[in-house]
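Undergrad: This is the structure, below, for whatever I ask next.
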Amino acid sequence: MAILGGTGNIGEGLVVRFAAETSHTIIVGSRDASKAADRANEYESRLTNHGIEQTIDHADNTTAAGDADIIVLAIPPHHVGDTIEELVDQEVLTGQLLISSVVGMQGDELGLHFDPPSVGSVTELVAERAPASTATAGVFHNLATDRLADLDADFDVDTLVVATDEEVRQQVIALVNELARIRALSAGPLANVAEVESVTPLVITIAGYNDNRHDVGVRFT
Ligand SMILES: NC(=O)c1ccc[n+]([C@@H]2O[C@H](COP(=O)([O-])OP(=O)(O)OC[C@H]3O[C@@H](n4cnc5c(N)ncnc54)[C@H](OP(=O)(O)O)[C@@H]3O)[C@@H](O)[C@H]2O)c1
């Protein structure tokens, strides 16, 4: 599994959780291969401090994507289109599952607001730019990044899964449910993903307006 932007906030959490709790080979992707190597070493050290000996691979984004069976996008929204186009140009999208955690947001003095691309959501943009045969999904949008990355944190949240079809949705739900403390729920086809993505700025705004709620998440009961 390659996490493109595995050097950033959400990327860090996804890398350490999947490395700590599953048997997937995890590749930290970055635009800069040496930055990926540094971050992978840092993550390995953190896992060692938790008594987990796990190798984390690293590469530039294109190499990481080409070597993986699952590609997770964890980069800023405005760079998703270019990043997918680069993967297409380099012909590395050859049947991998492509997952987006990315949300378009704009902040002002009142809070953070949903700011999707014109196609309606970043996940749909990913599906539009990838080869038509690419299985595409959206998940991990509403997770609190600090708690995701903190293996000691009390963490019991849901994440909503949208995907191109039911088979891909079930594949992603099974993948997420390999993690101990994150429950995956289906939110149906890609057409529903704008509603899912739009919860992320709301969660971050709630965190900002409420003391001791820095890392709120969503749980459906
Ligand atoms: N609660 C949350 O905050 C939350 C939860 C889930 C998902 N998300 C979404 O996750 C995405 C990433 O958020 P984040 O806070 O992790 O972002 P971030 O830390 O600011 O950036 C993630 C990584 O993106 C890469 N990057 C920066 N500029 C780039 C460019 N021009 N082209 C390609 N890659 C670039 C950088 O990696 P390199 O420099 O190593 O290439 C960086 O480490 C956002 O879209 C966000 O909406 C946020």
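Following the order of the structure tokens, chains are lettered A, B, ..., residues in each are numbered from 1, and ligands are numbered from 1.
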Would you write out, as JSON lines, a table of all residues in chain A that have an atom no more than 7 Å from an atom of ligand 1, listing for each the closest atom pair and the distance in Å to one decimal, considering only C-alpha atoms and all ligand atoms and ordering rows by chain and rising residue number?
TA:
```
{"residue": "A:Gly5", "atom": "CA", "partner": "ligand 1", "partner_atom_place_in_ligand_line": "23 (C)", "distance": 3.9}
{"residue": "A:Gly6", "atom": "CA", "partner": "ligand 1", "partner_atom_place_in_ligand_line": "43 (O)", "distance": 6.4}
{"residue": "A:Thr7", "atom": "CA", "partner": "ligand 1", "partner_atom_place_in_ligand_line": "43 (O)", "distance": 4.2}
{"residue": "A:Gly8", "atom": "CA", "partner": "ligand 1", "partner_atom_place_in_ligand_line": "43 (O)", "distance": 3.3}
{"residue": "A:Asn9", "atom": "CA", "partner": "ligand 1", "partner_atom_place_in_ligand_line": "16 (O)", "distance": 3.6}
{"residue": "A:Ile10", "atom": "CA", "partner": "ligand 1", "partner_atom_place_in_ligand_line": "16 (O)", "distance": 3.9}
{"residue": "A:Gly11", "atom": "CA", "partner": "ligand 1", "partner_atom_place_in_ligand_line": "16 (O)", "distance": 5.5}
{"residue": "A:Gly29", "atom": "CA", "partner": "ligand 1", "partner_atom_place_in_ligand_line": "40 (O)", "distance": 6.8}
{"residue": "A:Ser30", "atom": "CA", "partner": "ligand 1", "partner_atom_place_in_ligand_line": "40 (O)", "distance": 3.7}
{"residue": "A:Arg31", "atom": "CA", "partner": "ligand 1", "partner_atom_place_in_ligand_line": "41 (O)", "distance": 3.8}
{"residue": "A:Asp32", "atom": "CA", "partner": "ligand 1", "partner_atom_place_in_ligand_line": "40 (O)", "distance": 5.8}
{"residue": "A:Lys35", "atom": "CA", "partner": "ligand 1", "partner_atom_place_in_ligand_line": "40 (O)", "distance": 6.0}
{"residue": "A:Ala36", "atom": "CA", "partner": "ligand 1", "partner_atom_place_in_ligand_line": "40 (O)", "distance": 6.2}
{"residue": "A:Ala74", "atom": "CA", "partner": "ligand 1", "partner_atom_place_in_ligand_line": "12 (C)", "distance": 4.6}
{"residue": "A:Ile75", "atom": "CA", "partner": "ligand 1", "partner_atom_place_in_ligand_line": "24 (O)", "distance": 3.6}
{"residue": "A:Pro76", "atom": "CA", "partner": "ligand 1", "partner_atom_place_in_ligand_line": "45 (O)", "distance": 4.1}
{"residue": "A:Pro77", "atom": "CA", "partner": "ligand 1", "partner_atom_place_in_ligand_line": "45 (O)", "distance": 4.7}
{"residue": "A:His79", "atom": "CA", "partner": "ligand 1", "partner_atom_place_in_ligand_line": "32 (N)", "distance": 4.7}
{"residue": "A:Val80", "atom": "CA", "partner": "ligand 1", "partner_atom_place_in_ligand_line": "33 (C)", "distance": 6.9}
{"residue": "A:Thr83", "atom": "CA", "partner": "ligand 1", "partner_atom_place_in_ligand_line": "33 (C)", "distance": 6.1}
{"residue": "A:Ser101", "atom": "CA", "partner": "ligand 1", "partner_atom_place_in_ligand_line": "7 (C)", "distance": 4.8}
{"residue": "A:Val102", "atom": "CA", "partner": "ligand 1", "partner_atom_place_in_ligand_line": "45 (O)", "distance": 3.6}
{"residue": "A:Val103", "atom": "CA", "partner": "ligand 1", "partner_atom_place_in_ligand_line": "47 (O)", "distance": 3.7}
{"residue": "A:Gly104", "atom": "CA", "partner": "ligand 1", "partner_atom_place_in_ligand_line": "47 (O)", "distance": 5.8}
{"residue": "A:Met105", "atom": "CA", "partner": "ligand 1", "partner_atom_place_in_ligand_line": "47 (O)", "distance": 6.6}
{"residue": "A:Phe140", "atom": "CA", "partner": "ligand 1", "partner_atom_place_in_ligand_line": "6 (C)", "distance": 5.5}
{"residue": "A:His141", "atom": "CA", "partner": "ligand 1", "partner_atom_place_in_ligand_line": "6 (C)", "distance": 3.9}
{"residue": "A:Asn142", "atom": "CA", "partner": "ligand 1", "partner_atom_place_in_ligand_line": "5 (C)", "distance": 4.9}
{"residue": "A:Leu143", "atom": "CA", "partner": "ligand 1", "partner_atom_place_in_ligand_line": "5 (C)", "distance": 4.6}
{"residue": "A:Ala144", "atom": "CA", "partner": "ligand 1", "partner_atom_place_in_ligand_line": "1 (N)", "distance": 4.4}
{"residue": "A:Thr145", "atom": "CA", "partner": "ligand 1", "partner_atom_place_in_ligand_line": "1 (N)", "distance": 5.2}
{"residue": "A:Thr200", "atom": "CA", "partner": "ligand 1", "partner_atom_place_in_ligand_line": "1 (N)", "distance": 6.1}
{"residue": "A:Ile204", "atom": "CA", "partner": "ligand 1", "partner_atom_place_in_ligand_line": "1 (N)", "distance": 6.3}
```
Undergrad: Taking 6 positions as the minimum chain separation for residues in the same chain, which residues sit within 10 Å of Val88 of chain A when counting only C-alpha atoms? Answer as a list in words.
TA: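 Everything that qualifies: Thr62, Asp82, Thr94, Arg129, Ala130 and Pro131 of chain A.
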Undergrad: Tell me, as a PDB file with all heavy atoms, in the first residue's frame, which residues lie within 7 Å of Arg183 of chain A, counting only C-alpha atoms; anything in the same chain fewer than 3 positions away does not count.
TA:
```pdb
ATOM      1  N   VAL A 157     -13.746   5.483  16.133  1.00  0.00           N
ATOM      2  CA  VAL A 157     -14.484   6.339  15.203  1.00  0.00           C
ATOM      3  C   VAL A 157     -14.929   5.548  13.976  1.00  0.00           C
ATOM      4  O   VAL A 157     -14.455   4.449  13.710  1.00  0.00           O
ATOM      5  CB  VAL A 157     -13.624   7.537  14.741  1.00  0.00           C
ATOM      6  CG1 VAL A 157     -13.309   8.467  15.891  1.00  0.00           C
ATOM      7  CG2 VAL A 157     -12.369   7.061  14.045  1.00  0.00           C
ATOM      8  N   ASP A 158     -15.844   6.172  13.243  1.00  0.00           N
ATOM      9  CA  ASP A 158     -16.296   5.611  11.975  1.00  0.00           C
ATOM     10  C   ASP A 158     -15.655   6.375  10.824  1.00  0.00           C
ATOM     11  O   ASP A 158     -15.312   7.556  10.957  1.00  0.00           O
ATOM     12  CB  ASP A 158     -17.819   5.750  11.853  1.00  0.00           C
ATOM     13  CG  ASP A 158     -18.554   4.846  12.819  1.00  0.00           C
ATOM     14  OD1 ASP A 158     -17.988   3.803  13.203  1.00  0.00           O
ATOM     15  OD2 ASP A 158     -19.681   5.190  13.199  1.00  0.00           O
ATOM     16  N   THR A 159     -15.540   5.684   9.706  1.00  0.00           N
ATOM     17  CA  THR A 159     -15.179   6.357   8.464  1.00  0.00           C
ATOM     18  C   THR A 159     -16.103   5.825   7.375  1.00  0.00           C
ATOM     19  O   THR A 159     -16.475   4.655   7.379  1.00  0.00           O
ATOM     20  CB  THR A 159     -13.684   6.158   8.119  1.00  0.00           C
ATOM     21  OG1 THR A 159     -13.345   7.021   7.033  1.00  0.00           O
ATOM     22  CG2 THR A 159     -13.349   4.725   7.748  1.00  0.00           C
ATOM     23  N   VAL A 176     -10.270  -1.336   5.783  1.00  0.00           N
ATOM     24  CA  VAL A 176     -10.346  -0.449   6.956  1.00  0.00           C
ATOM     25  C   VAL A 176     -10.586  -1.261   8.216  1.00  0.00           C
ATOM     26  O   VAL A 176      -9.995  -0.978   9.274  1.00  0.00           O
ATOM     27  CB  VAL A 176     -11.474   0.595   6.780  1.00  0.00           C
ATOM     28  CG1 VAL A 176     -11.634   1.426   8.048  1.00  0.00           C
ATOM     29  CG2 VAL A 176     -11.196   1.487   5.582  1.00  0.00           C
ATOM     30  N   ASN A 177     -11.388  -2.290   8.102  1.00  0.00           N
ATOM     31  CA  ASN A 177     -11.724  -3.056   9.298  1.00  0.00           C
ATOM     32  C   ASN A 177     -10.578  -3.939   9.776  1.00  0.00           C
ATOM     33  O   ASN A 177     -10.670  -4.552  10.838  1.00  0.00           O
ATOM     34  CB  ASN A 177     -13.014  -3.847   9.079  1.00  0.00           C
ATOM     35  CG  ASN A 177     -14.233  -2.914   9.097  1.00  0.00           C
ATOM     36  OD1 ASN A 177     -14.172  -1.822   9.662  1.00  0.00           O
ATOM     37  ND2 ASN A 177     -15.314  -3.337   8.466  1.00  0.00           N
TER      38      ASN A 177
END
```
Undergrad: Give me every strand (DSSP E or B) residue in segment 4-83 of chain A, going by DSSP on the backbone, as a list of chain:residue names.
TA: A:Leu4, A:Ile27, A:Val28, A:Gly29, A:Ser30, A:Asp57, A:His58, A:Ala59, A:Asp60, A:Ile70, A:Ile71, A:Val72, A:Leu73
Undergrad: Provide the atom CA of Arg181 of chain A to atom CA of Phe155 of chain A distance in Å, to one decimal place.
TA: 5.9 Å
Undergrad: Counting only C-alpha atoms, what is within 7 Å of segment 106-114 of chain A, bar same-chain residues fewer than 6 positions away, as a JSON list (two decimals) with C-alpha atoms, in the first residue's frame?
TA:
```json
[["chain", "number", "residue", "atom", "x", "y", "z"],
["A", 198, "SER", "CA", -18.24, 18.12, 3.48],
["A", 201, "PRO", "CA", -14.55, 21.08, 7.61],
["A", 205, "THR", "CA", -14.70, 23.75, 12.99]]
```
Undergrad: Which one of A:Glu42, A:Asp211, A:Glu85, A:Glu178 sits closest to Thr22 of chain A if you count only C-alpha atoms?
TA: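 Ranked by minimum distance to Thr22 of chain A, first place goes to A:Glu178.
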Undergrad: Please measure the separation of atom CA of Asp156 of chain A and atom CA of Thr123 of chain A, giving the value in Å to one decimal.
TA: 24.4 Å
Undergrad: Work out how far apart atom CA of Leu97 of chain A and atom CA of Glu128 of chain A are and give it in Å to one decimal.
TA: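 These two atoms are separated by 14.4 Å.
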Undergrad: Considering only C-alpha atoms, state which residue in the set A:Pro189, A:Ser121, A:Gly138, A:Leu202 is at the smallest distance from Val218 of chain A.
TA: A:Leu202
Undergrad: Compile a residue-level contact table for segment 32-109 of chain A against segment 163-169 of chain A at a cut-off of 12 Å, reporting for every qualifying residue the shortest atom pair and its distance in Å to one decimal, with only C-alpha atoms counted, rows ordered by chain and ascending number, as CSV.
TA:
```
residue,atom,partner,partner_atom,distance
A:Ile70,CA,A:Val168,CA,11.6
A:Gln96,CA,A:Val168,CA,11.2
A:Leu97,CA,A:Val168,CA,8.2
A:Leu98,CA,A:Ala163,CA,9.7
A:Ile99,CA,A:Ala163,CA,8.7
A:Ser100,CA,A:Ala163,CA,10.1
```
Undergrad: I want to know what sits within 7 Å of His58 of chain A, based on only C-alpha atoms, with residues of the same chain fewer than 2 positions away left out; could you give that as an MDAnalysis selection string?
TA: chainID A and resid 27:29 36:37 40 56
Undergrad: Go ahead and write the residues just picked, N, CA and C atoms, as an mmCIF file, in the first residue's frame.
TA:
```
data_model
loop_
_atom_site.group_PDB
_atom_site.id
_atom_site.type_symbol
_atom_site.label_atom_id
_atom_site.label_comp_id
_atom_site.auth_asym_id
_atom_site.auth_seq_id
_atom_site.Cartn_x
_atom_site.Cartn_y
_atom_site.Cartn_z
ATOM 1 N N ILE A 27 4.330 1.767 1.913
ATOM 2 C CA ILE A 27 5.345 2.604 1.251
ATOM 3 C C ILE A 27 4.975 4.065 1.484
ATOM 4 N N VAL A 28 5.880 4.810 2.120
ATOM 5 C CA VAL A 28 5.693 6.258 2.260
ATOM 6 C C VAL A 28 6.073 6.899 0.935
ATOM 7 N N GLY A 29 5.125 7.609 0.327
ATOM 8 C CA GLY A 29 5.397 8.327 -0.915
ATOM 9 C C GLY A 29 5.545 9.814 -0.662
ATOM 10 N N ALA A 36 10.840 11.104 1.867
ATOM 11 C CA ALA A 36 10.095 9.871 2.163
ATOM 12 C C ALA A 36 10.940 8.948 3.033
ATOM 13 N N ALA A 37 12.237 8.853 2.715
ATOM 14 C CA ALA A 37 13.126 7.972 3.495
ATOM 15 C C ALA A 37 13.241 8.468 4.933
ATOM 16 N N ALA A 40 9.951 7.763 6.753
ATOM 17 C CA ALA A 40 9.772 6.323 6.997
ATOM 18 C C ALA A 40 10.639 5.885 8.180
ATOM 19 N N ILE A 56 9.158 0.021 7.108
ATOM 20 C CA ILE A 56 8.298 0.875 6.283
ATOM 21 C C ILE A 56 9.099 1.299 5.057
#
```
